[in-house]
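What follows is a short report on a single structure.
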Amino acid sequence: MSPVLPPKPEPRADKVSLLGHLRAFRRDILSAQPARLYRAWMAEFRTPFFESYLCNDPALVRRVLDERPADFPKSDRVTEGLRPLLGRSVFVTNGEEWLHQRRIIDPAFEGGRVKEAFPAIWAASEAAVARMEPGKVEAEFIASHAAADVIFRTLFSIPIEDAVAQAVFHEFRAYQRSAPILNLGAFLPLPRWFPRLHRGATKRSAKAIRGLIRGLTAARAEAIAEGRAPQDLATKIMTTPDPVTGETFGTAEMVDQVAIFFLAGHETSASALGWALYLLATHPEVQERVAAEAGALRPEFGVVGSLRFTRDVFREALRLYPPVPMLVREAAGPEEFRGRAVKPGAQVVISPWHLHRHERLWERPDAFDPDRWVGEGREAAREGYLPFSRGPRVCPGAGFAMLEGTLMLAHLVRAFRFQAVEGRVPVPVAHLTVRARDGIWLRVERRSGAGGA
Ligand code: HEM
């Protein structure tokens, strides 16, 4: 195993003033955290108008996500920044409204259904290989393009070359550039009355994205009514009734859901794929093992069973660089956390970022070691691994994303060799997802005998 440790943000000093803390948050929520959070079971942060608990204790994580999730809803404070884009999508709702939405969405992602997405993911992987030019490349852009292609093909049966898909893709990039850091409003210890800004540019791109999605969704509603709709995710979700109420999503409701599928399904997968490529570039011996395994690639679902190591590489990339670094909830009522009285309204943060590198849960927590996922090494994962969250609010796209990541990596590494560019070590920062501050630059060469797609 190579001794090179993958990049980790420089933590701040253990003690800083409130103002220092605010400034650090504005820069980046990852480097704003002190190093002790990689060892502590809990940390509290108090100001006169704001109380926040970061919970690394596995028992607390279980309580919040698995055992009593209804007592720890998503708060408006958390979801406010995303509302112009997401409306009332499943990502931001709670209670009955959220349950109704999950009852319609979940069946579209169940095991067998993920299998149905295989041909579209396969085609997008081949297209990513065909687009790749040897030379110096920015891996985040490549990953973003590929992940957007996957989501368009699986959701609406259109490739990224389609004019509307292109427009949505470009608007999303603009959105990401203009959007404030995810949950900035949520993490900042500001009083509730403090005005929060949705920057003009963010609002404009959110509006443009929603306009484009409205067009796609309305056209699909028509195609369904006329019996000529393809059997993709959009059709499945738009024709599945809620088994309890019998209602289906109307066109307007579907716009909100499609917006979250694009955002949650494209940004996250792209982030993970970009980091996975970087980890392979800096660990050539691991990359060669992936290339050897990828020799078995063939366009049938059964092939996934023979890509075990590649899957573990993707899993390990999700551990070191969880695309969603922190999950934020609110305590609905009074609680006790590790002997501390927690007031109703307190913020509760579960941090995959810290749990995944926790020194008391993992051996060599900062090392890239895909073999840790074989045999006994998997134990730590029960307590400290949650890239897709857990419990009833778990990511519905988890199985889909694991298939996508594995197939993309196998395709790309079968055709190309990736190397790090000297002097360009990416610095992880939290934007909408965990990204590299100045991109991930890699050198790409075609493998001999690999003829492209
Ligand atoms: C590597 C890829 C992905 C990662 C790491 C990821 C991670 C997550 C996480 C951590 C959450 C929970 C957020 C929270 O509770 O605050 C979430 C929720 C969600 N994800 Fe994913 N996701 C990925 C891919 C996808 C894909 C491909 C889709 C759909 C096509 C998707 C759809 C959603 C939706 C709809 C939610 C909201 C669920 C709810 O709140 O009930 N995700 N995802």
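By order of appearance in the structure tokens: chains A, B, ..., then residues from 1 within every chain, and ligands from 1 in the order shown.
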Can you work out which residues are within 6 Å of ligand 1, considering only C-alpha atoms and all ligand atoms, and then hand them over as a list in words?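 Using only C-alpha atoms and all ligand atoms, everything at most 6 Å from ligand 1 comes to Val90, Phe91, Ile260, Phe261, Ala264, Gly265, Thr268, Ser269, Ala272, Pro323, Val324, Leu327, Pro387, Phe388, Ser389, Arg393, Val394, Cys395, Pro396, Gly397, Ala398, Phe400 and Ala401 of chain A.
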To test your reading of the structure, identify every residue in stretch 42-287 of chain A that backbone DSSP assigns to helix (DSSP H, G or I), and report it as a PyMOL selection string. chain A and resi 58-67+69-71+76-86+95-109+111-116+118-131+139-156+163-178+184-187+200-225+233-239+251-282+284-287
Contacts of A:Gly302 at 10 Å (only C-alpha atoms; same-chain gap of 5+ positions) as a ChimeraX atom specification: /A:115,297,307
Near-A:Ala117 list (8 Å; only C-alpha atoms; drop same-chain fewer than 4 positions) as a ChimeraX atom specification: /A:113,121,154,232,400
Selection above as a file: C-alpha atoms, as a PDB file, in the first residue's frame:
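Output (out_37.pdb):
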ATOM      1  CA  ARG A 113     -35.688  -1.734 -10.683  1.00  0.00           C
ATOM      2  CA  ILE A 121     -25.737   3.351 -17.110  1.00  0.00           C
ATOM      3  CA  THR A 154     -32.210   6.816 -16.659  1.00  0.00           C
ATOM      4  CA  ASP A 232     -37.794   4.889 -17.464  1.00  0.00           C
ATOM      5  CA  PHE A 400     -28.283   2.952  -8.146  1.00  0.00           C
TER       6      PHE A 400
END
Nearest to A:Phe309 among A:Pro352, A:Pro370, A:Pro243, A:Pro58, with distances taken over only C-alpha atoms: which residue is it?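 Counting only C-alpha atoms, the residue closest to A:Phe309 is A:Pro370.
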Report as a list in words all protein, DNA and RNA residues lying within 8 Å of A:Ser205, evaluated on only C-alpha atoms, omitting residues in the same chain fewer than 6 positions from it. Glu171, Phe172, Ala174 and Tyr175 of chain A
Please identify all polymer residues within 10 Å of A:Arg88, counting only C-alpha atoms, omitting same-chain residues fewer than 3 positions from it, and present them as a ChimeraX atom specification. /A:79,82-85,91-94,97-98,253-257,260
For the selection you just gave me, I'd like the residues written to a file as a PDB file, in the first residue's frame, keeping N, CA, C and O atoms.
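Done, and the output landed in selection_6.pdb:
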ATOM      1  N   THR A  79     -33.044  23.706   5.115  1.00  0.00           N
ATOM      2  CA  THR A  79     -33.450  23.497   3.737  1.00  0.00           C
ATOM      3  C   THR A  79     -33.711  24.801   2.990  1.00  0.00           C
ATOM      4  O   THR A  79     -33.882  24.798   1.780  1.00  0.00           O
ATOM      5  N   LEU A  82     -31.937  25.761  -0.269  1.00  0.00           N
ATOM      6  CA  LEU A  82     -32.193  24.938  -1.457  1.00  0.00           C
ATOM      7  C   LEU A  82     -33.601  25.120  -2.005  1.00  0.00           C
ATOM      8  O   LEU A  82     -33.929  24.622  -3.074  1.00  0.00           O
ATOM      9  N   ARG A  83     -34.431  25.858  -1.251  1.00  0.00           N
ATOM     10  CA  ARG A  83     -35.847  25.929  -1.629  1.00  0.00           C
ATOM     11  C   ARG A  83     -36.116  26.535  -3.013  1.00  0.00           C
ATOM     12  O   ARG A  83     -36.974  26.038  -3.733  1.00  0.00           O
ATOM     13  N   PRO A  84     -35.380  27.587  -3.424  1.00  0.00           N
ATOM     14  CA  PRO A  84     -35.676  28.145  -4.752  1.00  0.00           C
ATOM     15  C   PRO A  84     -35.540  27.096  -5.859  1.00  0.00           C
ATOM     16  O   PRO A  84     -36.241  27.147  -6.859  1.00  0.00           O
ATOM     17  N   LEU A  85     -34.653  26.127  -5.649  1.00  0.00           N
ATOM     18  CA  LEU A  85     -34.476  25.090  -6.664  1.00  0.00           C
ATOM     19  C   LEU A  85     -35.403  23.905  -6.421  1.00  0.00           C
ATOM     20  O   LEU A  85     -35.990  23.364  -7.348  1.00  0.00           O
ATOM     21  N   PHE A  91     -36.577  15.895  -0.435  1.00  0.00           N
ATOM     22  CA  PHE A  91     -35.362  16.192   0.320  1.00  0.00           C
ATOM     23  C   PHE A  91     -35.619  17.171   1.465  1.00  0.00           C
ATOM     24  O   PHE A  91     -34.892  17.188   2.443  1.00  0.00           O
ATOM     25  N   VAL A  92     -36.652  17.999   1.319  1.00  0.00           N
ATOM     26  CA  VAL A  92     -36.848  19.071   2.304  1.00  0.00           C
ATOM     27  C   VAL A  92     -38.109  18.913   3.157  1.00  0.00           C
ATOM     28  O   VAL A  92     -38.296  19.639   4.118  1.00  0.00           O
ATOM     29  N   THR A  93     -38.971  17.966   2.815  1.00  0.00           N
ATOM     30  CA  THR A  93     -40.243  17.866   3.548  1.00  0.00           C
ATOM     31  C   THR A  93     -40.101  16.964   4.782  1.00  0.00           C
ATOM     32  O   THR A  93     -39.111  16.267   4.952  1.00  0.00           O
ATOM     33  N   ASN A  94     -41.137  16.958   5.594  1.00  0.00           N
ATOM     34  CA  ASN A  94     -41.178  16.132   6.807  1.00  0.00           C
ATOM     35  C   ASN A  94     -42.571  15.526   6.957  1.00  0.00           C
ATOM     36  O   ASN A  94     -43.489  15.882   6.219  1.00  0.00           O
ATOM     37  N   GLU A  97     -46.331  14.579   4.528  1.00  0.00           N
ATOM     38  CA  GLU A  97     -46.005  14.964   3.148  1.00  0.00           C
ATOM     39  C   GLU A  97     -44.797  14.156   2.653  1.00  0.00           C
ATOM     40  O   GLU A  97     -44.796  13.615   1.545  1.00  0.00           O
ATOM     41  N   TRP A  98     -43.783  14.052   3.508  1.00  0.00           N
ATOM     42  CA  TRP A  98     -42.564  13.321   3.150  1.00  0.00           C
ATOM     43  C   TRP A  98     -42.873  11.823   2.967  1.00  0.00           C
ATOM     44  O   TRP A  98     -42.432  11.189   1.998  1.00  0.00           O
ATOM     45  N   GLU A 253     -45.911  18.803  -8.812  1.00  0.00           N
ATOM     46  CA  GLU A 253     -45.185  18.076  -7.760  1.00  0.00           C
ATOM     47  C   GLU A 253     -43.977  17.342  -8.341  1.00  0.00           C
ATOM     48  O   GLU A 253     -42.927  17.224  -7.707  1.00  0.00           O
ATOM     49  N   MET A 254     -44.171  16.859  -9.565  1.00  0.00           N
ATOM     50  CA  MET A 254     -43.093  16.088 -10.182  1.00  0.00           C
ATOM     51  C   MET A 254     -41.890  16.982 -10.492  1.00  0.00           C
ATOM     52  O   MET A 254     -40.751  16.527 -10.422  1.00  0.00           O
ATOM     53  N   VAL A 255     -42.137  18.258 -10.801  1.00  0.00           N
ATOM     54  CA  VAL A 255     -41.019  19.178 -11.068  1.00  0.00           C
ATOM     55  C   VAL A 255     -40.104  19.251  -9.839  1.00  0.00           C
ATOM     56  O   VAL A 255     -38.878  19.170  -9.957  1.00  0.00           O
ATOM     57  N   ASP A 256     -40.711  19.358  -8.650  1.00  0.00           N
ATOM     58  CA  ASP A 256     -39.913  19.394  -7.419  1.00  0.00           C
ATOM     59  C   ASP A 256     -39.086  18.117  -7.263  1.00  0.00           C
ATOM     60  O   ASP A 256     -37.922  18.156  -6.874  1.00  0.00           O
ATOM     61  N   GLN A 257     -39.705  16.980  -7.560  1.00  0.00           N
ATOM     62  CA  GLN A 257     -38.994  15.706  -7.362  1.00  0.00           C
ATOM     63  C   GLN A 257     -37.882  15.548  -8.395  1.00  0.00           C
ATOM     64  O   GLN A 257     -36.787  15.093  -8.073  1.00  0.00           O
ATOM     65  N   ILE A 260     -34.808  17.410  -7.423  1.00  0.00           N
ATOM     66  CA  ILE A 260     -33.930  16.776  -6.421  1.00  0.00           C
ATOM     67  C   ILE A 260     -33.207  15.567  -7.031  1.00  0.00           C
ATOM     68  O   ILE A 260     -32.055  15.301  -6.696  1.00  0.00           O
TER      69      ILE A 260
END
Looking only at strand (DSSP E) from DSSP on the backbone, list the matching residues of stretch 299-453 of chain A as a PyMOL selection string. chain A and resi 327-330+335-337+340-342+347-350+416-420+428-430+434-436+441-446
Residues at most 9 Å from A:Leu273, counting only C-alpha atoms, excluding those fewer than 4 positions away in the same chain, as a list of chain:residue names?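 In the requested form, the answer reads A:Ala139, A:Glu140, A:Ala143, A:Ser144, A:Ala147, A:Thr268, A:Ser269, A:Leu277, A:Tyr278, A:Phe314, A:Ala317, A:Leu318, A:Gly405, A:Met408, A:Leu409.
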Mind writing the picked residues with all heavy atoms as a compact mmCIF listing (two decimals), in the first residue's frame?
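Output file out.txt follows:
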# COMPACT_ATOMS: atom_id res chain seq x y z
N ALA A 139 -10.84 16.24 -13.66
CA ALA A 139 -11.68 15.06 -13.41
C ALA A 139 -13.07 15.41 -12.90
O ALA A 139 -14.03 14.68 -13.16
CB ALA A 139 -10.99 14.13 -12.43
N GLU A 140 -13.21 16.51 -12.18
CA GLU A 140 -14.55 16.85 -11.67
C GLU A 140 -15.49 17.19 -12.82
O GLU A 140 -16.67 16.85 -12.79
CB GLU A 140 -14.47 18.02 -10.70
CG GLU A 140 -13.93 17.60 -9.36
CD GLU A 140 -14.14 18.65 -8.29
OE1 GLU A 140 -14.33 19.83 -8.63
OE2 GLU A 140 -14.12 18.27 -7.11
N ALA A 143 -16.40 13.94 -14.53
CA ALA A 143 -17.31 13.16 -13.69
C ALA A 143 -18.71 13.78 -13.69
O ALA A 143 -19.72 13.08 -13.75
CB ALA A 143 -16.77 13.09 -12.26
N SER A 144 -18.74 15.10 -13.69
CA SER A 144 -20.02 15.80 -13.66
C SER A 144 -20.80 15.55 -14.96
O SER A 144 -22.00 15.27 -14.95
CB SER A 144 -19.70 17.28 -13.51
OG SER A 144 -20.80 17.99 -13.16
N ALA A 147 -22.01 11.90 -14.92
CA ALA A 147 -23.12 11.66 -13.99
C ALA A 147 -24.40 12.31 -14.49
O ALA A 147 -25.50 11.76 -14.32
CB ALA A 147 -22.76 12.18 -12.60
N THR A 268 -23.76 14.43 -6.36
CA THR A 268 -23.13 13.49 -5.43
C THR A 268 -22.30 12.44 -6.17
O THR A 268 -21.15 12.21 -5.83
CB THR A 268 -24.23 12.76 -4.63
OG1 THR A 268 -25.21 12.33 -5.56
CG2 THR A 268 -24.85 13.64 -3.59
N SER A 269 -22.89 11.82 -7.18
CA SER A 269 -22.16 10.79 -7.92
C SER A 269 -20.92 11.38 -8.57
O SER A 269 -19.87 10.76 -8.63
CB SER A 269 -23.04 10.17 -9.01
OG SER A 269 -24.13 9.53 -8.43
N LEU A 277 -11.28 8.74 -8.93
CA LEU A 277 -10.26 8.78 -9.98
C LEU A 277 -8.95 9.35 -9.42
O LEU A 277 -7.86 8.88 -9.75
CB LEU A 277 -10.74 9.61 -11.18
CG LEU A 277 -11.82 8.95 -12.04
CD1 LEU A 277 -12.34 9.92 -13.09
CD2 LEU A 277 -11.29 7.68 -12.72
N TYR A 278 -9.07 10.34 -8.56
CA TYR A 278 -7.85 10.91 -7.97
C TYR A 278 -7.13 9.86 -7.10
O TYR A 278 -5.91 9.70 -7.15
CB TYR A 278 -8.18 12.16 -7.13
CG TYR A 278 -6.93 12.70 -6.47
CD1 TYR A 278 -6.00 13.43 -7.21
CD2 TYR A 278 -6.66 12.44 -5.13
CE1 TYR A 278 -4.84 13.89 -6.62
CE2 TYR A 278 -5.49 12.90 -4.53
CZ TYR A 278 -4.58 13.63 -5.28
OH TYR A 278 -3.42 14.06 -4.71
N PHE A 314 -14.74 2.15 -4.93
CA PHE A 314 -15.75 3.21 -4.91
C PHE A 314 -16.25 3.44 -3.47
O PHE A 314 -16.40 4.57 -3.01
CB PHE A 314 -16.90 2.87 -5.86
CG PHE A 314 -17.81 4.04 -6.12
CD1 PHE A 314 -17.35 5.17 -6.79
CD2 PHE A 314 -19.13 4.03 -5.68
CE1 PHE A 314 -18.18 6.26 -7.02
CE2 PHE A 314 -19.96 5.12 -5.90
CZ PHE A 314 -19.49 6.23 -6.58
N ALA A 317 -13.68 5.34 -1.62
CA ALA A 317 -13.69 6.76 -2.02
C ALA A 317 -14.83 7.48 -1.30
O ALA A 317 -14.68 8.61 -0.85
CB ALA A 317 -13.84 6.88 -3.53
N LEU A 318 -15.97 6.80 -1.17
CA LEU A 318 -17.12 7.40 -0.46
C LEU A 318 -16.82 7.55 1.03
O LEU A 318 -17.39 8.40 1.71
CB LEU A 318 -18.37 6.53 -0.63
CG LEU A 318 -19.07 6.57 -1.98
CD1 LEU A 318 -20.14 5.48 -2.05
CD2 LEU A 318 -19.71 7.93 -2.21
N GLY A 405 -21.25 4.08 -9.97
CA GLY A 405 -19.84 4.35 -9.65
C GLY A 405 -18.94 3.20 -10.09
O GLY A 405 -17.88 3.41 -10.68
N MET A 408 -18.80 2.99 -14.03
CA MET A 408 -18.04 4.11 -14.60
C MET A 408 -16.55 3.91 -14.39
O MET A 408 -15.74 4.06 -15.31
CB MET A 408 -18.45 5.43 -13.92
CG MET A 408 -19.66 6.05 -14.50
SD MET A 408 -19.26 6.86 -16.07
CE MET A 408 -20.91 7.26 -16.61
N LEU A 409 -16.17 3.57 -13.14
CA LEU A 409 -14.75 3.38 -12.83
C LEU A 409 -14.16 2.27 -13.69
O LEU A 409 -13.09 2.42 -14.28
CB LEU A 409 -14.56 3.02 -11.36
CG LEU A 409 -14.54 4.15 -10.35
CD1 LEU A 409 -14.28 3.59 -8.96
CD2 LEU A 409 -13.47 5.19 -10.71
Go through stretch 40-158 of chain A residue by residue and, counting only C-alpha atoms, keep those with an atom at most 9 Å from stretch 428-442 of chain A; for each kept residue give the shortest atom pair and its distance in Å to one decimal, ordered by chain and increasing number, as a tab-separated table.
residue	atom	partner	partner_atom	distance
A:Gly135	CA	A:Leu442	CA	8.3
A:Lys136	CA	A:Leu442	CA	5.7
A:Val137	CA	A:Leu442	CA	5.4
A:Glu138	CA	A:Trp441	CA	4.6
A:Ala139	CA	A:Ile440	CA	5.3
A:Glu140	CA	A:Ile440	CA	6.0
A:Phe141	CA	A:Gly439	CA	8.2
Output C-alpha atoms of each residue in that selection to a file, as a tab-separated table (two decimals), in the first residue's frame.
chain	number	residue	atom	x	y	z
A	135	GLY	CA	-3.70	14.62	-21.94
A	136	LYS	CA	-4.34	16.82	-18.90
A	137	VAL	CA	-7.98	16.73	-17.77
A	138	GLU	CA	-10.08	18.14	-14.96
A	139	ALA	CA	-11.68	15.06	-13.41
A	140	GLU	CA	-14.55	16.85	-11.67
A	141	PHE	CA	-15.84	18.21	-14.96
Which of these, A:Ala380, A:Tyr53, A:Thr217, A:Val244, has the shortest distance to A:Arg364 once you count only C-alpha atoms? A:Ala380
One decimal, Å: what's the distance from atom CA of A:Arg36 over to atom CA of A:Arg340, could you say?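 These two atoms are separated by 18.9 Å.
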